[in-house]
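Visitor: Contents of final-v1.txt (compact mmCIF, N, CA and C atoms and all ligand atoms):
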# COMPACT_ATOMS: atom_id res chain seq x y z
N MET X 1 -10.22 13.18 38.39
CA MET X 1 -10.45 14.46 39.06
C MET X 1 -9.14 15.20 39.21
N GLN X 2 -9.21 16.48 38.99
CA GLN X 2 -8.01 17.31 39.11
C GLN X 2 -7.54 17.35 40.56
N MET X 3 -6.23 17.33 40.75
CA MET X 3 -5.71 17.41 42.12
C MET X 3 -5.94 18.80 42.69
N SER X 4 -6.29 18.84 43.97
CA SER X 4 -6.41 20.15 44.60
C SER X 4 -5.00 20.63 44.94
N TYR X 5 -4.86 21.90 45.21
CA TYR X 5 -3.56 22.45 45.59
C TYR X 5 -3.05 21.76 46.85
N TYR X 6 -3.98 21.37 47.71
CA TYR X 6 -3.58 20.68 48.94
C TYR X 6 -2.96 19.34 48.61
N GLU X 7 -3.55 18.66 47.63
CA GLU X 7 -3.00 17.38 47.21
C GLU X 7 -1.66 17.55 46.52
N VAL X 8 -1.54 18.63 45.73
CA VAL X 8 -0.28 18.89 45.05
C VAL X 8 0.86 19.01 46.08
N LEU X 9 0.57 19.72 47.15
CA LEU X 9 1.60 19.91 48.18
C LEU X 9 1.60 18.78 49.21
N GLY X 10 0.57 17.95 49.17
CA GLY X 10 0.50 16.85 50.13
C GLY X 10 0.23 17.31 51.56
N VAL X 11 -0.58 18.34 51.70
CA VAL X 11 -0.93 18.81 53.04
C VAL X 11 -2.44 18.69 53.26
N ALA X 12 -2.85 18.74 54.52
CA ALA X 12 -4.27 18.69 54.83
C ALA X 12 -4.93 20.03 54.50
N ASP X 13 -6.24 20.00 54.32
CA ASP X 13 -6.99 21.21 54.01
C ASP X 13 -6.82 22.30 55.06
N ASN X 14 -6.56 21.87 56.28
CA ASN X 14 -6.44 22.85 57.35
C ASN X 14 -4.98 23.08 57.75
N ALA X 15 -4.06 22.76 56.84
CA ALA X 15 -2.63 22.91 57.14
C ALA X 15 -2.29 24.36 57.48
N SER X 16 -1.38 24.52 58.43
CA SER X 16 -0.97 25.88 58.80
C SER X 16 0.01 26.42 57.76
N GLU X 17 0.27 27.72 57.87
CA GLU X 17 1.19 28.35 56.94
C GLU X 17 2.57 27.68 56.98
N SER X 18 3.03 27.35 58.20
CA SER X 18 4.36 26.75 58.29
C SER X 18 4.38 25.34 57.71
N GLU X 19 3.28 24.61 57.85
CA GLU X 19 3.21 23.27 57.24
C GLU X 19 3.25 23.40 55.71
N ILE X 20 2.57 24.42 55.21
CA ILE X 20 2.55 24.64 53.76
C ILE X 20 3.94 24.99 53.25
N LYS X 21 4.63 25.87 53.99
CA LYS X 21 5.99 26.26 53.58
C LYS X 21 6.93 25.06 53.57
N LEU X 22 6.81 24.25 54.61
CA LEU X 22 7.66 23.07 54.72
C LEU X 22 7.39 22.09 53.59
N ALA X 23 6.10 21.84 53.34
CA ALA X 23 5.70 20.90 52.29
C ALA X 23 6.19 21.39 50.93
N TYR X 24 6.14 22.69 50.73
CA TYR X 24 6.57 23.29 49.47
C TYR X 24 8.06 23.03 49.24
N LYS X 25 8.85 23.29 50.27
CA LYS X 25 10.30 23.06 50.14
C LYS X 25 10.60 21.60 49.85
N GLU X 26 9.92 20.72 50.56
CA GLU X 26 10.14 19.29 50.34
C GLU X 26 9.75 18.87 48.94
N LYS X 27 8.62 19.38 48.47
CA LYS X 27 8.15 19.02 47.13
C LYS X 27 9.13 19.51 46.07
N LEU X 28 9.66 20.72 46.28
CA LEU X 28 10.61 21.24 45.30
C LEU X 28 11.87 20.39 45.27
N LEU X 29 12.30 19.95 46.43
CA LEU X 29 13.51 19.13 46.51
C LEU X 29 13.32 17.77 45.86
N THR X 30 12.14 17.19 46.06
CA THR X 30 11.92 15.84 45.54
C THR X 30 11.46 15.84 44.09
N ASN X 31 11.12 17.01 43.55
CA ASN X 31 10.67 17.08 42.15
C ASN X 31 11.56 18.06 41.38
N HIS X 32 12.78 17.67 41.20
CA HIS X 32 13.72 18.56 40.55
C HIS X 32 13.42 18.70 39.06
N PRO X 33 13.44 19.93 38.51
CA PRO X 33 13.06 20.13 37.11
C PRO X 33 13.94 19.40 36.09
N ASP X 34 15.15 19.01 36.47
CA ASP X 34 16.02 18.28 35.53
C ASP X 34 15.41 16.98 35.05
N LYS X 35 14.47 16.49 35.82
CA LYS X 35 13.96 15.15 35.54
C LYS X 35 13.00 15.09 34.34
N GLY X 36 12.80 16.19 33.65
CA GLY X 36 11.99 16.12 32.42
C GLY X 36 10.83 17.09 32.39
N VAL X 37 10.13 17.03 31.29
CA VAL X 37 9.06 18.00 31.03
C VAL X 37 7.90 17.86 32.01
N THR X 38 7.52 16.63 32.29
CA THR X 38 6.41 16.41 33.21
C THR X 38 6.74 17.00 34.58
N GLN X 39 7.99 16.79 34.97
CA GLN X 39 8.44 17.34 36.24
C GLN X 39 8.32 18.86 36.23
N GLN X 40 8.69 19.45 35.09
CA GLN X 40 8.63 20.90 34.96
C GLN X 40 7.20 21.40 35.17
N THR X 41 6.23 20.68 34.58
CA THR X 41 4.83 21.03 34.75
C THR X 41 4.44 20.92 36.21
N LEU X 42 4.94 19.86 36.82
CA LEU X 42 4.62 19.63 38.23
C LEU X 42 5.19 20.75 39.09
N ILE X 43 6.41 21.16 38.80
CA ILE X 43 7.03 22.26 39.55
C ILE X 43 6.18 23.52 39.44
N THR X 44 5.71 23.80 38.22
CA THR X 44 4.87 24.98 38.02
C THR X 44 3.62 24.88 38.90
N LEU X 45 3.05 23.68 38.92
CA LEU X 45 1.85 23.44 39.71
C LEU X 45 2.15 23.59 41.21
N ILE X 46 3.29 23.07 41.63
CA ILE X 46 3.67 23.16 43.04
C ILE X 46 3.84 24.64 43.43
N LYS X 47 4.47 25.41 42.56
CA LYS X 47 4.68 26.84 42.85
C LYS X 47 3.36 27.58 42.92
N GLN X 48 2.47 27.22 41.96
CA GLN X 48 1.14 27.83 41.93
C GLN X 48 0.38 27.52 43.23
N ALA X 49 0.43 26.24 43.60
CA ALA X 49 -0.27 25.79 44.81
C ALA X 49 0.27 26.54 46.01
N TYR X 50 1.59 26.65 46.08
CA TYR X 50 2.22 27.31 47.22
C TYR X 50 1.83 28.79 47.30
N THR X 51 1.97 29.50 46.18
CA THR X 51 1.68 30.94 46.19
C THR X 51 0.23 31.20 46.61
N THR X 52 -0.65 30.30 46.19
CA THR X 52 -2.06 30.49 46.55
C THR X 52 -2.30 30.19 48.02
N LEU X 53 -1.81 29.03 48.48
CA LEU X 53 -2.17 28.59 49.83
C LEU X 53 -1.45 29.37 50.92
N VAL X 54 -0.31 29.97 50.59
CA VAL X 54 0.43 30.68 51.61
C VAL X 54 -0.16 32.08 51.85
N ASN X 55 -1.01 32.50 50.94
CA ASN X 55 -1.66 33.80 51.06
C ASN X 55 -3.10 33.59 51.54
N PRO X 56 -3.41 34.03 52.78
CA PRO X 56 -4.73 33.72 53.36
C PRO X 56 -5.91 34.17 52.50
N VAL X 57 -5.78 35.31 51.84
CA VAL X 57 -6.88 35.80 51.02
C VAL X 57 -7.07 34.92 49.79
N GLU X 58 -5.96 34.63 49.12
CA GLU X 58 -6.01 33.77 47.93
C GLU X 58 -6.47 32.37 48.30
N ARG X 59 -6.02 31.91 49.48
CA ARG X 59 -6.38 30.57 49.92
C ARG X 59 -7.88 30.45 50.12
N GLN X 60 -8.46 31.47 50.74
CA GLN X 60 -9.90 31.43 50.97
C GLN X 60 -10.66 31.41 49.64
N LYS X 61 -10.19 32.27 48.72
CA LYS X 61 -10.83 32.31 47.40
C LYS X 61 -10.73 30.95 46.73
N TYR X 62 -9.55 30.34 46.85
CA TYR X 62 -9.33 29.03 46.24
C TYR X 62 -10.25 27.99 46.86
N ASP X 63 -10.33 27.98 48.20
CA ASP X 63 -11.18 27.01 48.89
C ASP X 63 -12.62 27.12 48.40
N GLU X 64 -13.07 28.36 48.25
CA GLU X 64 -14.44 28.55 47.81
C GLU X 64 -14.63 28.07 46.38
N SER X 65 -13.69 28.39 45.50
CA SER X 65 -13.86 27.98 44.12
C SER X 65 -13.70 26.47 43.99
N PHE X 66 -12.89 25.86 44.87
CA PHE X 66 -12.75 24.41 44.81
C PHE X 66 -14.04 23.72 45.22
N LYS X 67 -14.69 24.28 46.24
CA LYS X 67 -15.99 23.73 46.64
C LYS X 67 -16.97 23.82 45.49
N GLU X 68 -16.92 24.96 44.78
CA GLU X 68 -17.80 25.14 43.62
C GLU X 68 -17.52 24.07 42.58
N SER X 69 -16.25 23.77 42.34
CA SER X 69 -15.92 22.81 41.30
C SER X 69 -16.35 21.41 41.71
N ILE X 70 -16.36 21.13 43.01
CA ILE X 70 -16.86 19.84 43.48
C ILE X 70 -18.35 19.75 43.21
N LYS X 71 -19.04 20.86 43.45
CA LYS X 71 -20.47 20.91 43.17
C LYS X 71 -20.72 20.56 41.72
N ARG X 72 -19.89 21.15 40.84
CA ARG X 72 -20.09 20.90 39.42
C ARG X 72 -19.80 19.45 39.06
N LEU X 73 -18.93 18.82 39.82
CA LEU X 73 -18.58 17.43 39.52
C LEU X 73 -19.69 16.45 39.91
N GLY X 74 -20.71 16.94 40.55
CA GLY X 74 -21.81 16.03 40.80
C GLY X 74 -22.26 15.96 42.24
N PHE X 75 -21.36 16.10 43.20
CA PHE X 75 -21.87 16.15 44.55
C PHE X 75 -22.07 17.61 44.88
N ASN X 76 -23.14 17.94 45.51
CA ASN X 76 -23.27 19.32 45.95
C ASN X 76 -22.69 19.40 47.35
N VAL X 77 -22.69 20.59 47.93
CA VAL X 77 -22.05 20.74 49.22
C VAL X 77 -22.81 19.99 50.32
N SER X 78 -24.08 19.67 50.07
CA SER X 78 -24.79 18.87 51.06
C SER X 78 -24.32 17.42 50.99
N GLY X 79 -23.53 17.07 49.99
CA GLY X 79 -22.88 15.77 49.97
C GLY X 79 -23.71 14.65 49.36
N ASP X 80 -24.71 14.97 48.53
CA ASP X 80 -25.49 13.91 47.91
C ASP X 80 -24.57 12.99 47.12
N GLY X 81 -24.78 11.71 47.27
CA GLY X 81 -23.96 10.76 46.53
C GLY X 81 -22.72 10.32 47.29
N LEU X 82 -22.47 10.92 48.44
CA LEU X 82 -21.31 10.52 49.23
C LEU X 82 -21.77 9.56 50.34
N ASP X 83 -20.86 8.73 50.81
CA ASP X 83 -21.16 7.89 51.97
C ASP X 83 -21.34 8.76 53.20
N THR X 84 -22.30 8.40 54.02
CA THR X 84 -22.61 9.22 55.19
C THR X 84 -22.21 8.51 56.47
N TYR X 85 -21.61 9.26 57.36
CA TYR X 85 -21.22 8.74 58.67
C TYR X 85 -21.80 9.63 59.75
N GLY X 86 -22.06 9.06 60.90
CA GLY X 86 -22.53 9.86 62.02
C GLY X 86 -21.33 10.30 62.85
N LEU X 87 -21.48 11.42 63.53
CA LEU X 87 -20.38 11.91 64.37
C LEU X 87 -20.06 10.91 65.48
N GLU X 88 -21.06 10.09 65.84
CA GLU X 88 -20.82 9.07 66.88
C GLU X 88 -19.87 7.98 66.39
N GLU X 89 -19.62 7.94 65.07
CA GLU X 89 -18.66 6.97 64.54
C GLU X 89 -17.23 7.53 64.53
N PHE X 90 -17.08 8.70 65.11
CA PHE X 90 -15.76 9.34 65.20
C PHE X 90 -15.23 9.22 66.63
N GLU X 91 -13.91 9.26 66.74
CA GLU X 91 -13.27 9.35 68.06
C GLU X 91 -13.23 10.82 68.43
N GLU X 92 -13.47 11.12 69.69
CA GLU X 92 -13.40 12.51 70.10
C GLU X 92 -12.13 12.74 70.90
N ASP X 93 -11.42 13.81 70.60
CA ASP X 93 -10.28 14.17 71.43
C ASP X 93 -10.24 15.69 71.58
N GLU X 94 -9.18 16.21 72.18
CA GLU X 94 -9.19 17.65 72.47
C GLU X 94 -9.16 18.50 71.19
N ALA X 95 -8.69 17.92 70.08
CA ALA X 95 -8.62 18.68 68.82
C ALA X 95 -9.96 18.64 68.07
N GLY X 96 -10.84 17.74 68.45
CA GLY X 96 -12.10 17.63 67.74
C GLY X 96 -12.48 16.17 67.57
N TRP X 97 -12.79 15.77 66.34
CA TRP X 97 -13.23 14.41 66.08
C TRP X 97 -12.39 13.84 64.95
N ASN X 98 -12.14 12.56 65.00
CA ASN X 98 -11.40 11.94 63.91
C ASN X 98 -11.85 10.51 63.73
N ARG X 99 -11.61 9.97 62.54
CA ARG X 99 -11.86 8.56 62.32
C ARG X 99 -10.95 8.04 61.22
N GLU X 100 -10.90 6.71 61.17
CA GLU X 100 -10.12 6.06 60.13
C GLU X 100 -10.81 6.31 58.80
N CYS X 101 -10.03 6.47 57.76
CA CYS X 101 -10.62 6.65 56.44
C CYS X 101 -11.20 5.32 55.95
N PRO X 102 -12.47 5.32 55.51
CA PRO X 102 -13.07 4.06 55.05
C PRO X 102 -12.42 3.53 53.77
N ARG X 103 -11.73 4.35 53.02
CA ARG X 103 -11.12 3.86 51.79
C ARG X 103 -9.66 3.46 52.00
N CYS X 104 -8.82 4.38 52.44
CA CYS X 104 -7.40 4.04 52.55
C CYS X 104 -7.04 3.53 53.94
N GLN X 105 -8.01 3.56 54.87
CA GLN X 105 -7.83 2.99 56.20
C GLN X 105 -6.81 3.72 57.07
N ILE X 106 -6.37 4.90 56.62
CA ILE X 106 -5.37 5.58 57.43
C ILE X 106 -6.02 6.09 58.72
N ARG X 107 -5.31 5.95 59.83
CA ARG X 107 -5.85 6.38 61.12
C ARG X 107 -5.97 7.90 61.12
N GLU X 108 -7.05 8.40 61.65
CA GLU X 108 -7.29 9.84 61.74
C GLU X 108 -7.23 10.53 60.39
N GLY X 109 -7.57 9.79 59.33
CA GLY X 109 -7.56 10.37 57.98
C GLY X 109 -8.63 11.45 57.84
N ILE X 110 -9.72 11.25 58.56
CA ILE X 110 -10.84 12.18 58.49
C ILE X 110 -10.93 12.92 59.82
N THR X 111 -10.78 14.21 59.78
CA THR X 111 -10.84 14.96 61.04
C THR X 111 -11.81 16.13 60.91
N LEU X 112 -12.42 16.44 62.01
CA LEU X 112 -13.36 17.56 62.07
C LEU X 112 -13.04 18.37 63.32
N THR X 113 -13.10 19.67 63.21
CA THR X 113 -12.92 20.51 64.39
C THR X 113 -14.26 21.13 64.75
N GLU X 114 -14.30 21.69 65.95
CA GLU X 114 -15.49 22.40 66.41
C GLU X 114 -15.90 23.45 65.37
N GLU X 115 -14.89 24.12 64.84
CA GLU X 115 -15.12 25.18 63.85
C GLU X 115 -15.76 24.62 62.58
N ASP X 116 -15.29 23.45 62.14
CA ASP X 116 -15.90 22.82 60.96
C ASP X 116 -17.38 22.61 61.19
N LEU X 117 -17.69 22.14 62.39
CA LEU X 117 -19.09 21.81 62.68
C LEU X 117 -19.98 23.05 62.67
N GLU X 118 -19.37 24.20 62.95
CA GLU X 118 -20.15 25.44 62.90
C GLU X 118 -20.52 25.79 61.47
N ASN X 119 -19.84 25.18 60.50
CA ASN X 119 -20.09 25.49 59.10
C ASN X 119 -20.92 24.44 58.37
N GLY X 120 -21.52 23.54 59.11
CA GLY X 120 -22.35 22.52 58.47
C GLY X 120 -23.61 23.12 57.88
N SER X 121 -24.24 22.37 56.98
CA SER X 121 -25.51 22.85 56.41
C SER X 121 -26.66 22.10 57.06
N PRO X 122 -27.70 22.83 57.50
CA PRO X 122 -28.87 22.18 58.09
C PRO X 122 -29.45 21.17 57.11
N ASP X 123 -29.81 19.98 57.59
CA ASP X 123 -30.32 18.94 56.67
C ASP X 123 -31.84 18.95 56.56
N GLY X 124 -32.48 19.92 57.23
CA GLY X 124 -33.93 20.04 57.10
C GLY X 124 -34.69 19.18 58.08
N SER X 125 -34.00 18.30 58.82
CA SER X 125 -34.74 17.51 59.81
C SER X 125 -34.05 17.56 61.18
N GLY X 126 -33.54 18.73 61.50
CA GLY X 126 -32.98 18.95 62.83
C GLY X 126 -31.50 18.65 62.97
N GLY X 127 -30.91 18.09 61.94
CA GLY X 127 -29.48 17.78 62.00
C GLY X 127 -28.68 18.67 61.05
N TYR X 128 -27.40 18.40 60.99
CA TYR X 128 -26.52 19.15 60.10
C TYR X 128 -25.68 18.18 59.31
N ASP X 129 -25.28 18.61 58.12
CA ASP X 129 -24.39 17.81 57.29
C ASP X 129 -23.15 18.62 56.99
N ILE X 130 -22.05 17.91 56.91
CA ILE X 130 -20.84 18.59 56.46
C ILE X 130 -20.08 17.59 55.61
N ILE X 131 -19.40 18.04 54.57
CA ILE X 131 -18.57 17.10 53.82
C ILE X 131 -17.13 17.34 54.19
N VAL X 132 -16.41 16.27 54.30
CA VAL X 132 -15.04 16.35 54.76
C VAL X 132 -14.20 15.37 53.94
N GLN X 133 -12.94 15.73 53.76
CA GLN X 133 -12.08 14.94 52.88
C GLN X 133 -10.98 14.24 53.67
N CYS X 134 -10.66 13.04 53.26
CA CYS X 134 -9.53 12.31 53.87
C CYS X 134 -8.24 13.04 53.53
N SER X 135 -7.40 13.25 54.54
CA SER X 135 -6.17 14.01 54.30
C SER X 135 -5.16 13.17 53.54
N SER X 136 -5.40 11.88 53.43
CA SER X 136 -4.42 11.03 52.76
C SER X 136 -4.83 10.67 51.34
N CYS X 137 -6.03 10.11 51.16
CA CYS X 137 -6.41 9.66 49.81
C CYS X 137 -7.43 10.57 49.15
N SER X 138 -7.86 11.65 49.85
CA SER X 138 -8.77 12.63 49.26
C SER X 138 -10.19 12.15 49.06
N LEU X 139 -10.55 11.06 49.68
CA LEU X 139 -11.94 10.62 49.64
C LEU X 139 -12.82 11.64 50.37
N TRP X 140 -13.98 11.94 49.79
CA TRP X 140 -14.93 12.83 50.46
C TRP X 140 -16.01 11.98 51.12
N ILE X 141 -16.37 12.31 52.33
CA ILE X 141 -17.52 11.66 52.95
C ILE X 141 -18.44 12.74 53.52
N LYS X 142 -19.64 12.33 53.82
CA LYS X 142 -20.58 13.26 54.45
C LYS X 142 -20.72 12.85 55.91
N VAL X 143 -20.74 13.83 56.79
CA VAL X 143 -20.92 13.55 58.21
C VAL X 143 -22.20 14.24 58.67
N LYS X 144 -23.01 13.47 59.36
CA LYS X 144 -24.27 14.01 59.87
C LYS X 144 -24.14 14.16 61.39
N TYR X 145 -24.62 15.28 61.90
CA TYR X 145 -24.52 15.47 63.35
C TYR X 145 -25.65 16.35 63.83
N TYR X 146 -25.81 16.34 65.13
CA TYR X 146 -26.88 17.11 65.75
C TYR X 146 -26.27 18.04 66.78
N GLU X 147 -26.87 19.17 66.94
CA GLU X 147 -26.39 20.14 67.90
C GLU X 147 -26.51 19.56 69.32
N ALA X 148 -25.47 19.77 70.12
CA ALA X 148 -25.53 19.28 71.49
C ALA X 148 -26.63 20.02 72.24
N GLU X 149 -27.32 19.30 73.10
CA GLU X 149 -28.42 19.92 73.87
C GLU X 149 -27.85 20.98 74.80
ZN ZN B 201 -8.29 7.99 52.80
Have the structure of the file written as structure tokens, please.
Ligand SMILES: [Zn+2]
Guide:
Amino acid sequence: MQMSYYEVLGVADNASESEIKLAYKEKLLTNHPDKGVTQQTLITLIKQAYTTLVNPVERQKYDESFKESIKRLGFNVSGDGLDTYGLEEFEEDEAGWNRECPRCQIREGITLTEEDLENGSPDGSGGYDIIVQCSSCSLWIKVKYYEAE
């Protein structure tokens, strides 16, 4: 699977502009073009990722087209084919919900905010589904939840 721009820069999907700028500088420093042709390609990719993600309009367009490309890869946005977790399997804190990634085991690898939950898709039986990606290993999972009474 092609790396997303977020993976290229090594930031989370919800990274702020300053996190993106910082990650960009670090990536440029650690991937110096002198190191060969592959590095040069990577630098181009890093620059592309940065220019897109640092611009809110371009970033939104990118996010949407990336979701589309995931759909084409076989899972649709409802997350068919992905492992499903309930929101009760997440820890709740003031920032939202988080859990350990089932694949790479990183703590708080999977996070959801209140805002994310507002964007879930109704599952047809009273609940909602949302797909979310591990910020570390990029695993996608599906989370099922129900509106609070
Ligand atoms: Zn992971």
Visitor: Quick one: pick out all strand (DSSP E or B) residues within chain X from a backbone DSSP run and write them as a PyMOL selection string.
Guide: chain X and resi 84-86+91-93+96-99+110-112+121-122+128-133+140-145
Visitor: Generate the output file for the selected residues, N, CA and C atoms, as a PDB file, in the coordinates of the input.
Guide:
ATOM      1  N   THR X  84     -22.300   8.400  54.020  1.00  0.00           N
ATOM      2  CA  THR X  84     -22.610   9.220  55.190  1.00  0.00           C
ATOM      3  C   THR X  84     -22.210   8.510  56.470  1.00  0.00           C
ATOM      4  N   TYR X  85     -21.610   9.260  57.360  1.00  0.00           N
ATOM      5  CA  TYR X  85     -21.220   8.740  58.670  1.00  0.00           C
ATOM      6  C   TYR X  85     -21.800   9.630  59.750  1.00  0.00           C
ATOM      7  N   GLY X  86     -22.060   9.060  60.900  1.00  0.00           N
ATOM      8  CA  GLY X  86     -22.530   9.860  62.020  1.00  0.00           C
ATOM      9  C   GLY X  86     -21.330  10.300  62.850  1.00  0.00           C
ATOM     10  N   GLU X  91     -13.910   9.260  66.740  1.00  0.00           N
ATOM     11  CA  GLU X  91     -13.270   9.350  68.060  1.00  0.00           C
ATOM     12  C   GLU X  91     -13.230  10.820  68.430  1.00  0.00           C
ATOM     13  N   GLU X  92     -13.470  11.120  69.690  1.00  0.00           N
ATOM     14  CA  GLU X  92     -13.400  12.510  70.100  1.00  0.00           C
ATOM     15  C   GLU X  92     -12.130  12.740  70.900  1.00  0.00           C
ATOM     16  N   ASP X  93     -11.420  13.810  70.600  1.00  0.00           N
ATOM     17  CA  ASP X  93     -10.280  14.170  71.430  1.00  0.00           C
ATOM     18  C   ASP X  93     -10.240  15.690  71.580  1.00  0.00           C
ATOM     19  N   GLY X  96     -10.840  17.740  68.450  1.00  0.00           N
ATOM     20  CA  GLY X  96     -12.100  17.630  67.740  1.00  0.00           C
ATOM     21  C   GLY X  96     -12.480  16.170  67.570  1.00  0.00           C
ATOM     22  N   TRP X  97     -12.790  15.770  66.340  1.00  0.00           N
ATOM     23  CA  TRP X  97     -13.230  14.410  66.080  1.00  0.00           C
ATOM     24  C   TRP X  97     -12.390  13.840  64.950  1.00  0.00           C
ATOM     25  N   ASN X  98     -12.140  12.560  65.000  1.00  0.00           N
ATOM     26  CA  ASN X  98     -11.400  11.940  63.910  1.00  0.00           C
ATOM     27  C   ASN X  98     -11.850  10.510  63.730  1.00  0.00           C
ATOM     28  N   ARG X  99     -11.610   9.970  62.540  1.00  0.00           N
ATOM     29  CA  ARG X  99     -11.860   8.560  62.320  1.00  0.00           C
ATOM     30  C   ARG X  99     -10.950   8.040  61.220  1.00  0.00           C
ATOM     31  N   ILE X 110      -9.720  11.250  58.560  1.00  0.00           N
ATOM     32  CA  ILE X 110     -10.840  12.180  58.490  1.00  0.00           C
ATOM     33  C   ILE X 110     -10.930  12.920  59.820  1.00  0.00           C
ATOM     34  N   THR X 111     -10.780  14.210  59.780  1.00  0.00           N
ATOM     35  CA  THR X 111     -10.840  14.960  61.040  1.00  0.00           C
ATOM     36  C   THR X 111     -11.810  16.130  60.910  1.00  0.00           C
ATOM     37  N   LEU X 112     -12.420  16.440  62.010  1.00  0.00           N
ATOM     38  CA  LEU X 112     -13.360  17.560  62.070  1.00  0.00           C
ATOM     39  C   LEU X 112     -13.040  18.370  63.320  1.00  0.00           C
ATOM     40  N   SER X 121     -24.240  22.370  56.980  1.00  0.00           N
ATOM     41  CA  SER X 121     -25.510  22.850  56.410  1.00  0.00           C
ATOM     42  C   SER X 121     -26.660  22.100  57.060  1.00  0.00           C
ATOM     43  N   PRO X 122     -27.700  22.830  57.500  1.00  0.00           N
ATOM     44  CA  PRO X 122     -28.870  22.180  58.090  1.00  0.00           C
ATOM     45  C   PRO X 122     -29.450  21.170  57.110  1.00  0.00           C
ATOM     46  N   TYR X 128     -27.400  18.400  60.990  1.00  0.00           N
ATOM     47  CA  TYR X 128     -26.520  19.150  60.100  1.00  0.00           C
ATOM     48  C   TYR X 128     -25.680  18.180  59.310  1.00  0.00           C
ATOM     49  N   ASP X 129     -25.280  18.610  58.120  1.00  0.00           N
ATOM     50  CA  ASP X 129     -24.390  17.810  57.290  1.00  0.00           C
ATOM     51  C   ASP X 129     -23.150  18.620  56.990  1.00  0.00           C
ATOM     52  N   ILE X 130     -22.050  17.910  56.910  1.00  0.00           N
ATOM     53  CA  ILE X 130     -20.840  18.590  56.460  1.00  0.00           C
ATOM     54  C   ILE X 130     -20.080  17.590  55.610  1.00  0.00           C
ATOM     55  N   ILE X 131     -19.400  18.040  54.570  1.00  0.00           N
ATOM     56  CA  ILE X 131     -18.570  17.100  53.820  1.00  0.00           C
ATOM     57  C   ILE X 131     -17.130  17.340  54.190  1.00  0.00           C
ATOM     58  N   VAL X 132     -16.410  16.270  54.300  1.00  0.00           N
ATOM     59  CA  VAL X 132     -15.040  16.350  54.760  1.00  0.00           C
ATOM     60  C   VAL X 132     -14.200  15.370  53.940  1.00  0.00           C
ATOM     61  N   GLN X 133     -12.940  15.730  53.760  1.00  0.00           N
ATOM     62  CA  GLN X 133     -12.080  14.940  52.880  1.00  0.00           C
ATOM     63  C   GLN X 133     -10.980  14.240  53.670  1.00  0.00           C
ATOM     64  N   TRP X 140     -13.980  11.940  49.790  1.00  0.00           N
ATOM     65  CA  TRP X 140     -14.930  12.830  50.460  1.00  0.00           C
ATOM     66  C   TRP X 140     -16.010  11.980  51.120  1.00  0.00           C
ATOM     67  N   ILE X 141     -16.370  12.310  52.330  1.00  0.00           N
ATOM     68  CA  ILE X 141     -17.520  11.660  52.950  1.00  0.00           C
ATOM     69  C   ILE X 141     -18.440  12.740  53.520  1.00  0.00           C
ATOM     70  N   LYS X 142     -19.640  12.330  53.820  1.00  0.00           N
ATOM     71  CA  LYS X 142     -20.580  13.260  54.450  1.00  0.00           C
ATOM     72  C   LYS X 142     -20.720  12.850  55.910  1.00  0.00           C
ATOM     73  N   VAL X 143     -20.740  13.830  56.790  1.00  0.00           N
ATOM     74  CA  VAL X 143     -20.920  13.550  58.210  1.00  0.00           C
ATOM     75  C   VAL X 143     -22.200  14.240  58.670  1.00  0.00           C
ATOM     76  N   LYS X 144     -23.010  13.470  59.360  1.00  0.00           N
ATOM     77  CA  LYS X 144     -24.270  14.010  59.870  1.00  0.00           C
ATOM     78  C   LYS X 144     -24.140  14.160  61.390  1.00  0.00           C
ATOM     79  N   TYR X 145     -24.620  15.280  61.900  1.00  0.00           N
ATOM     80  CA  TYR X 145     -24.520  15.470  63.350  1.00  0.00           C
ATOM     81  C   TYR X 145     -25.650  16.350  63.830  1.00  0.00           C
TER      82      TYR X 145
END
Visitor: Each residue of chain X lying at most 6 Å from ligand ZN 201 (chain B) should get a row with its shortest atom-to-atom pair and the distance in Å to one decimal, counting all atoms listed in the file; could you produce that, ordered by chain and increasing number, as a Markdown table?
Guide:
| residue | atom | partner | partner_atom | distance |
| --- | --- | --- | --- | --- |
| X:Cys101 | CA | B:ZN201 | ZN | 4.5 |
| X:Pro102 | N | B:ZN201 | ZN | 5.7 |
| X:Arg103 | C | B:ZN201 | ZN | 4.8 |
| X:Cys104 | N | B:ZN201 | ZN | 3.7 |
| X:Gln105 | N | B:ZN201 | ZN | 4.9 |
| X:Ile106 | N | B:ZN201 | ZN | 5.3 |
| X:Gly109 | CA | B:ZN201 | ZN | 5.7 |
| X:Cys134 | CA | B:ZN201 | ZN | 4.6 |
| X:Ser135 | N | B:ZN201 | ZN | 5.6 |
| X:Ser136 | C | B:ZN201 | ZN | 4.6 |
| X:Cys137 | N | B:ZN201 | ZN | 3.5 |
| X:Ser138 | N | B:ZN201 | ZN | 4.7 |
| X:Leu139 | N | B:ZN201 | ZN | 4.9 |
Visitor: Scan for residues within 12 Å of the point (8.0, 16.8, 49.9) in the coordinates of the file, using only C-alpha atoms, and reply as a list in words.
Guide: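 So the residues meeting the distance criterion are Glu7, Val8, Leu9, Gly10, Val11, Glu19, Ile20, Lys21, Leu22, Ala23, Tyr24, Lys25, Glu26, Lys27, Leu28, Leu29, Thr30, Asn31, His32, Ile43 and Ile46 of chain X.
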Visitor: Which of these, X:Gln60, X:Thr52, X:Val132, X:Pro122, has the shortest distance to Ile110 in chain X once you count all atoms listed in the file?
Guide: X:Val132
Visitor: Report, in Å to a single decimal, how far apart atom N of Arg99 in chain X and atom N of Leu112 in chain X are.
Guide: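 Separating atom N of Leu112 in chain X from atom N of Arg99 in chain X is a distance of 6.5 Å.
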Visitor: Do you have the atom C of Glu94 in chain X-atom C of Ala12 in chain X distance handy?
Guide: 17.3 Å
Visitor: Give me, as a short mmCIF file (atom, residue, chain, number, x, y, z; two decimals) with N, CA and C atoms, keeping the file's coordinate frame, all polymer residues having an atom no more than 7 Å from Leu87 in chain X, counting all atoms listed in the file and skipping those fewer than 4 positions away in the same chain.
Guide:
data_model
loop_
_atom_site.label_atom_id
_atom_site.label_comp_id
_atom_site.auth_asym_id
_atom_site.auth_seq_id
_atom_site.Cartn_x
_atom_site.Cartn_y
_atom_site.Cartn_z
N GLU X 91 -13.91 9.26 66.74
CA GLU X 91 -13.27 9.35 68.06
C GLU X 91 -13.23 10.82 68.43
N VAL X 143 -20.74 13.83 56.79
CA VAL X 143 -20.92 13.55 58.21
C VAL X 143 -22.20 14.24 58.67
N LYS X 144 -23.01 13.47 59.36
CA LYS X 144 -24.27 14.01 59.87
C LYS X 144 -24.14 14.16 61.39
N TYR X 145 -24.62 15.28 61.90
CA TYR X 145 -24.52 15.47 63.35
C TYR X 145 -25.65 16.35 63.83
N TYR X 146 -25.81 16.34 65.13
CA TYR X 146 -26.88 17.11 65.75
C TYR X 146 -26.27 18.04 66.78
#
